[in-house]
Amino acid sequence: MVNYKDDVEAVDSLRQKYNIFTKEVNKAIYGQEQVIKEVLITIFSGGHALLVGVPGLAKTMLINTISGILGLQYKRIQFTPDLMPSDIIGTEILDQNRKFQFLKGPVFANIILADEINRTPPKTQAALLEAMQEKAVTANGTTYKLDAPFFVLATQNPIEQEGTYPLPEAQLDRFMFNIVLDYPSFEEEVQIVENTTTDQKYTLDQVLNGEEIIYFQKLLRRVPINKSVLEYAVKLAYKTRPNTLMSDELANKYISWGAGPRASQYLVIAAKTHAVLSGKYSPDIEDVQAVAIPVLRHRIVRNFKAEAAGYSIEKLIKKLL
């Protein structure tokens, strides 16, 4: 049973647990501090994340490590061209009494790693995306609720595009964050190689459990936000929409489609979580700016002029900020 005197004490406890958590993760993962923070913001905000990075950057290991420290049930689904919706949701089988029994699929877990989500056809992608949105799955007309907390952390390889089925913009919008994993620095890579080529062992301690995560998710929604900060977040999303009342000149020139209202919602809840993890009791404009790129990165579609002028999505967002 989670019990705190008041919300201030609960916020302080969350921050303390976050600091312990990052120390535990660093036993297994070296560097990637920003990525770890963004994954945790997603989890505490009750969202889902898309991790984009080349092979060998420890995406799977990171998610496995995080699920262990959070004390959550973890399942990995390898997405392939022949994967069927029933392979994710589950299927009905005939039992010994000649009655149909629903056999639950791997989606019935707390943390789902959807590995290389763009390698499977849209029909199978849609089965997972329904679970993400509804926190439930439907099989043969029966709806089954998924256990809370429930998070999908999907990975995508940006290099190999042959034989892939890119997620449409409407489906990408279901992901709260688009997190890009970059190569480690030289010093970090030296440490990674040094620590992974010996017989050094480590044990990870559990820092949180499912009940606490649900409590902190509700707590973060109660974090107060100044009206001017909330309006700044909404204006930022609005400015990305070309040829609208508040659209920026840059958007009119270089953007085909801008971010929808879900981006505004995610900017606010992510800013609240970022503020709490950074030692504040209420978010300010800096917190909105800190989460703007992962929230907006996959919600903006550039036009050919932007590509010709050398404007990346990140560069456009920074200009709008």
# chains A, B, ... in the order shown; residues from 1 in each chain; ligands from 1

call {"tool": "select_by_dssp", "arguments": {"residues": "segment 1-111 of chain A", "states": "alpha helix (DSSP H)", "output": "ChimeraX atom specification"}}
result
/A:7-28,33-45,59-69,85-89

call {"tool": "residues_around", "arguments": {"residues": "segment 173-177 of chain A", "least_positions_apart": "3", "cutoff": "6 Å", "atoms": "only C-alpha atoms", "output": "VMD selection string"}}
result
chain A and resid 47 to 49 170 294 to 295

call {"tool": "residues_around", "arguments": {"residues": "Val52 of chain A", "least_positions_apart": "5", "cutoff": "7 Å", "atoms": "only C-alpha atoms", "output": "VMD selection string"}}
result
chain A and resid 155 to 158 179 to 181

call {"tool": "residues_around", "arguments": {"residues": "Ala233 of chain A", "least_positions_apart": "2", "cutoff": "7 Å", "atoms": "only C-alpha atoms", "output": "PDB file with C-alpha atoms, in the first residue's frame"}}
result
ATOM      1  CA  VAL A 229       3.297  27.544 -19.436  1.00  0.00           C
ATOM      2  CA  LEU A 230       0.312  25.463 -20.582  1.00  0.00           C
ATOM      3  CA  GLU A 231      -0.482  28.057 -23.283  1.00  0.00           C
ATOM      4  CA  LYS A 235       1.148  27.448 -28.985  1.00  0.00           C
ATOM      5  CA  LEU A 236       4.281  25.444 -29.762  1.00  0.00           C
ATOM      6  CA  ALA A 237       2.197  22.601 -31.215  1.00  0.00           C
ATOM      7  CA  SER A 264      -0.073  19.466 -26.802  1.00  0.00           C
ATOM      8  CA  LEU A 267       4.050  18.277 -24.047  1.00  0.00           C
ATOM      9  CA  VAL A 268       2.218  19.223 -20.836  1.00  0.00           C
ATOM     10  CA  VAL A 288       8.388  22.162 -22.130  1.00  0.00           C
TER      11      VAL A 288
END

call {"tool": "closest_residue", "arguments": {"among": "A:Leu51, A:Leu316, A:Leu62, A:Ala263", "to": "Ile36 of chain A", "atoms": "only C-alpha atoms"}}
result
A:Leu62

call {"tool": "residues_around", "arguments": {"residues": "Ser247 of chain A", "least_positions_apart": "6", "cutoff": "9 Å", "atoms": "only C-alpha atoms", "output": "MDAnalysis selection string"}}
result
chainID A and resid 235 238:241

call {"tool": "atom_distance", "arguments": {"atom1": "atom CA of Met246 of chain A", "atom2": "atom CA of Arg262 of chain A"}}
result
17.3 Å

call {"tool": "atom_distance", "arguments": {"atom1": "atom CA of Tyr281 of chain A", "atom2": "atom CA of Val11 of chain A"}}
result
7.6 Å

call {"tool": "closest_residue", "arguments": {"among": "A:Ala126, A:Val35, A:Ile88, A:Ala109", "to": "Tyr165 of chain A", "atoms": "only C-alpha atoms"}}
result
A:Ala126

call {"tool": "residues_around", "arguments": {"residues": "segment 218-224 of chain A", "least_positions_apart": "6", "cutoff": "12 Å", "atoms": "only C-alpha atoms", "output": "number ranges by chain"}}
result
A: 2, 4, 6-15, 41-46, 149, 211-212, 230, 265-266, 268-277, 280-284

call {"tool": "write_last_selection", "arguments": {"atoms": "N, CA and C atoms", "output": "tab-separated table (two decimals), in the first residue's frame"}}
result
chain	number	residue	atom	x	y	z
A	2	VAL	N	0.72	2.11	-1.01
A	2	VAL	CA	1.50	3.34	-1.10
A	2	VAL	C	0.84	4.40	-0.21
A	4	TYR	N	1.61	8.27	1.56
A	4	TYR	CA	2.41	9.46	1.82
A	4	TYR	C	1.56	10.50	2.54
A	6	ASP	N	1.47	13.78	2.14
A	6	ASP	CA	0.85	14.68	1.16
A	6	ASP	C	1.57	14.54	-0.18
A	7	ASP	N	1.12	15.29	-1.18
A	7	ASP	CA	1.70	15.20	-2.53
A	7	ASP	C	3.15	15.67	-2.59
A	8	VAL	N	3.50	16.64	-1.74
A	8	VAL	CA	4.88	17.15	-1.72
A	8	VAL	C	5.84	16.04	-1.28
A	9	GLU	N	5.45	15.32	-0.24
A	9	GLU	CA	6.27	14.20	0.24
A	9	GLU	C	6.38	13.12	-0.83
A	10	ALA	N	5.29	12.87	-1.56
A	10	ALA	CA	5.27	11.86	-2.62
A	10	ALA	C	6.19	12.27	-3.77
A	11	VAL	N	6.17	13.56	-4.14
A	11	VAL	CA	7.03	14.08	-5.21
A	11	VAL	C	8.50	13.93	-4.81
A	12	ASP	N	8.82	14.27	-3.56
A	12	ASP	CA	10.20	14.13	-3.06
A	12	ASP	C	10.64	12.67	-3.10
A	13	SER	N	9.73	11.76	-2.75
A	13	SER	CA	10.04	10.33	-2.76
A	13	SER	C	10.30	9.85	-4.19
A	14	LEU	N	9.48	10.32	-5.14
A	14	LEU	CA	9.67	9.93	-6.54
A	14	LEU	C	11.04	10.37	-7.04
A	15	ARG	N	11.41	11.60	-6.70
A	15	ARG	CA	12.71	12.13	-7.15
A	15	ARG	C	13.85	11.29	-6.55
A	41	ILE	N	10.53	9.15	-18.29
A	41	ILE	CA	9.48	10.18	-18.41
A	41	ILE	C	8.26	9.56	-19.10
A	42	THR	N	8.51	8.77	-20.15
A	42	THR	CA	7.42	8.09	-20.87
A	42	THR	C	6.64	7.18	-19.93
A	43	ILE	N	7.36	6.38	-19.15
A	43	ILE	CA	6.72	5.41	-18.25
A	43	ILE	C	5.89	6.12	-17.19
A	44	PHE	N	6.46	7.11	-16.51
A	44	PHE	CA	5.74	7.82	-15.45
A	44	PHE	C	4.60	8.67	-15.99
A	45	SER	N	4.69	9.07	-17.27
A	45	SER	CA	3.61	9.85	-17.89
A	45	SER	C	2.51	8.95	-18.44
A	46	GLY	N	2.73	7.63	-18.40
A	46	GLY	CA	1.72	6.69	-18.89
A	46	GLY	C	1.67	6.60	-20.40
A	149	PRO	N	0.49	-1.40	-14.65
A	149	PRO	CA	0.78	-0.47	-15.74
A	149	PRO	C	1.15	-1.23	-17.03
A	211	GLU	N	2.40	-1.14	-8.35
A	211	GLU	CA	1.46	-0.32	-7.56
A	211	GLU	C	2.00	1.11	-7.39
A	212	GLU	N	3.31	1.22	-7.10
A	212	GLU	CA	3.92	2.55	-6.93
A	212	GLU	C	3.92	3.34	-8.24
A	230	LEU	N	1.22	26.33	-19.83
A	230	LEU	CA	0.31	25.46	-20.58
A	230	LEU	C	0.03	26.06	-21.96
A	265	GLN	N	-1.08	17.71	-25.46
A	265	GLN	CA	-1.30	16.95	-24.22
A	265	GLN	C	0.00	16.33	-23.72
A	266	TYR	N	0.75	15.71	-24.64
A	266	TYR	CA	2.00	15.05	-24.26
A	266	TYR	C	3.07	16.06	-23.82
A	268	VAL	N	2.56	18.79	-22.20
A	268	VAL	CA	2.22	19.22	-20.84
A	268	VAL	C	2.54	18.13	-19.81
A	269	ILE	N	2.07	16.89	-20.04
A	269	ILE	CA	2.30	15.83	-19.05
A	269	ILE	C	3.79	15.48	-18.97
A	270	ALA	N	4.49	15.50	-20.12
A	270	ALA	CA	5.94	15.21	-20.11
A	270	ALA	C	6.70	16.33	-19.41
A	271	ALA	N	6.27	17.59	-19.58
A	271	ALA	CA	6.91	18.72	-18.90
A	271	ALA	C	6.73	18.61	-17.39
A	272	LYS	N	5.55	18.16	-16.96
A	272	LYS	CA	5.29	17.95	-15.51
A	272	LYS	C	6.25	16.90	-14.96
A	273	THR	N	6.38	15.78	-15.67
A	273	THR	CA	7.26	14.70	-15.22
A	273	THR	C	8.72	15.15	-15.23
A	274	HIS	N	9.13	15.86	-16.28
A	274	HIS	CA	10.50	16.36	-16.39
A	274	HIS	C	10.81	17.31	-15.24
A	275	ALA	N	9.85	18.16	-14.89
A	275	ALA	CA	10.04	19.12	-13.80
A	275	ALA	C	10.26	18.39	-12.47
A	276	VAL	N	9.41	17.41	-12.19
A	276	VAL	CA	9.51	16.67	-10.92
A	276	VAL	C	10.85	15.93	-10.82
A	277	LEU	N	11.26	15.27	-11.92
A	277	LEU	CA	12.52	14.52	-11.90
A	277	LEU	C	13.73	15.45	-11.85
A	280	LYS	N	11.82	20.14	-9.34
A	280	LYS	CA	10.83	21.23	-9.24
A	280	LYS	C	9.47	20.65	-8.83
A	281	TYR	N	8.59	21.55	-8.38
A	281	TYR	CA	7.24	21.13	-8.00
A	281	TYR	C	6.20	21.56	-9.03
A	282	SER	N	6.64	22.33	-10.03
A	282	SER	CA	5.75	22.77	-11.10
A	282	SER	C	6.60	23.04	-12.34
A	283	PRO	N	6.11	22.68	-13.54
A	283	PRO	CA	6.93	22.88	-14.74
A	283	PRO	C	6.98	24.33	-15.18
A	284	ASP	N	8.09	24.71	-15.82
A	284	ASP	CA	8.19	26.02	-16.44
A	284	ASP	C	8.45	25.82	-17.94

call {"tool": "select_by_dssp", "arguments": {"residues": "segment 69-315 of chain A", "states": "strand (DSSP E)", "output": "MDAnalysis selection string"}}
result
chainID A and resid 74:78 90:94 100:104 111:115 136:139 142:145 151:156 177:180 255:257 301:302

call {"tool": "closest_atom_pairs", "arguments": {"of": "segment 183-280 of chain A", "to": "segment 72-84 of chain A", "cutoff": "12 Å", "atoms": "only C-alpha atoms", "output": "tab-separated table"}}
result
residue	atom	partner	partner_atom	distance
A:Gln206	CA	A:Leu72	CA	9.5
A:Val207	CA	A:Leu72	CA	10.8
A:Leu208	CA	A:Leu72	CA	8.8
A:Asn209	CA	A:Leu72	CA	6.7
A:Gly210	CA	A:Leu72	CA	6.4
A:Glu211	CA	A:Leu72	CA	10.1
A:Glu212	CA	A:Leu72	CA	11.2
A:Ile213	CA	A:Leu72	CA	9.9
A:Ile214	CA	A:Leu72	CA	11.9

call {"tool": "closest_residue", "arguments": {"among": "A:Thr196, A:Thr244, A:Gln289, A:Asn110", "to": "Lys319 of chain A", "atoms": "only C-alpha atoms"}}
result
A:Gln289

call {"tool": "closest_residue", "arguments": {"among": "A:Leu320, A:Ala154, A:Ala139, A:Ala28", "to": "Glu92 of chain A", "atoms": "only C-alpha atoms"}}
result
A:Ala139

call {"tool": "atom_distance", "arguments": {"atom1": "atom CA of Leu40 of chain A", "atom2": "atom CA of Ile20 of chain A"}}
result
12.8 Å

call {"tool": "residues_around", "arguments": {"residues": "Thr91 of chain A", "least_positions_apart": "4", "cutoff": "8 Å", "atoms": "only C-alpha atoms", "output": "ChimeraX atom specification"}}
result
/A:86-87,102-105,139
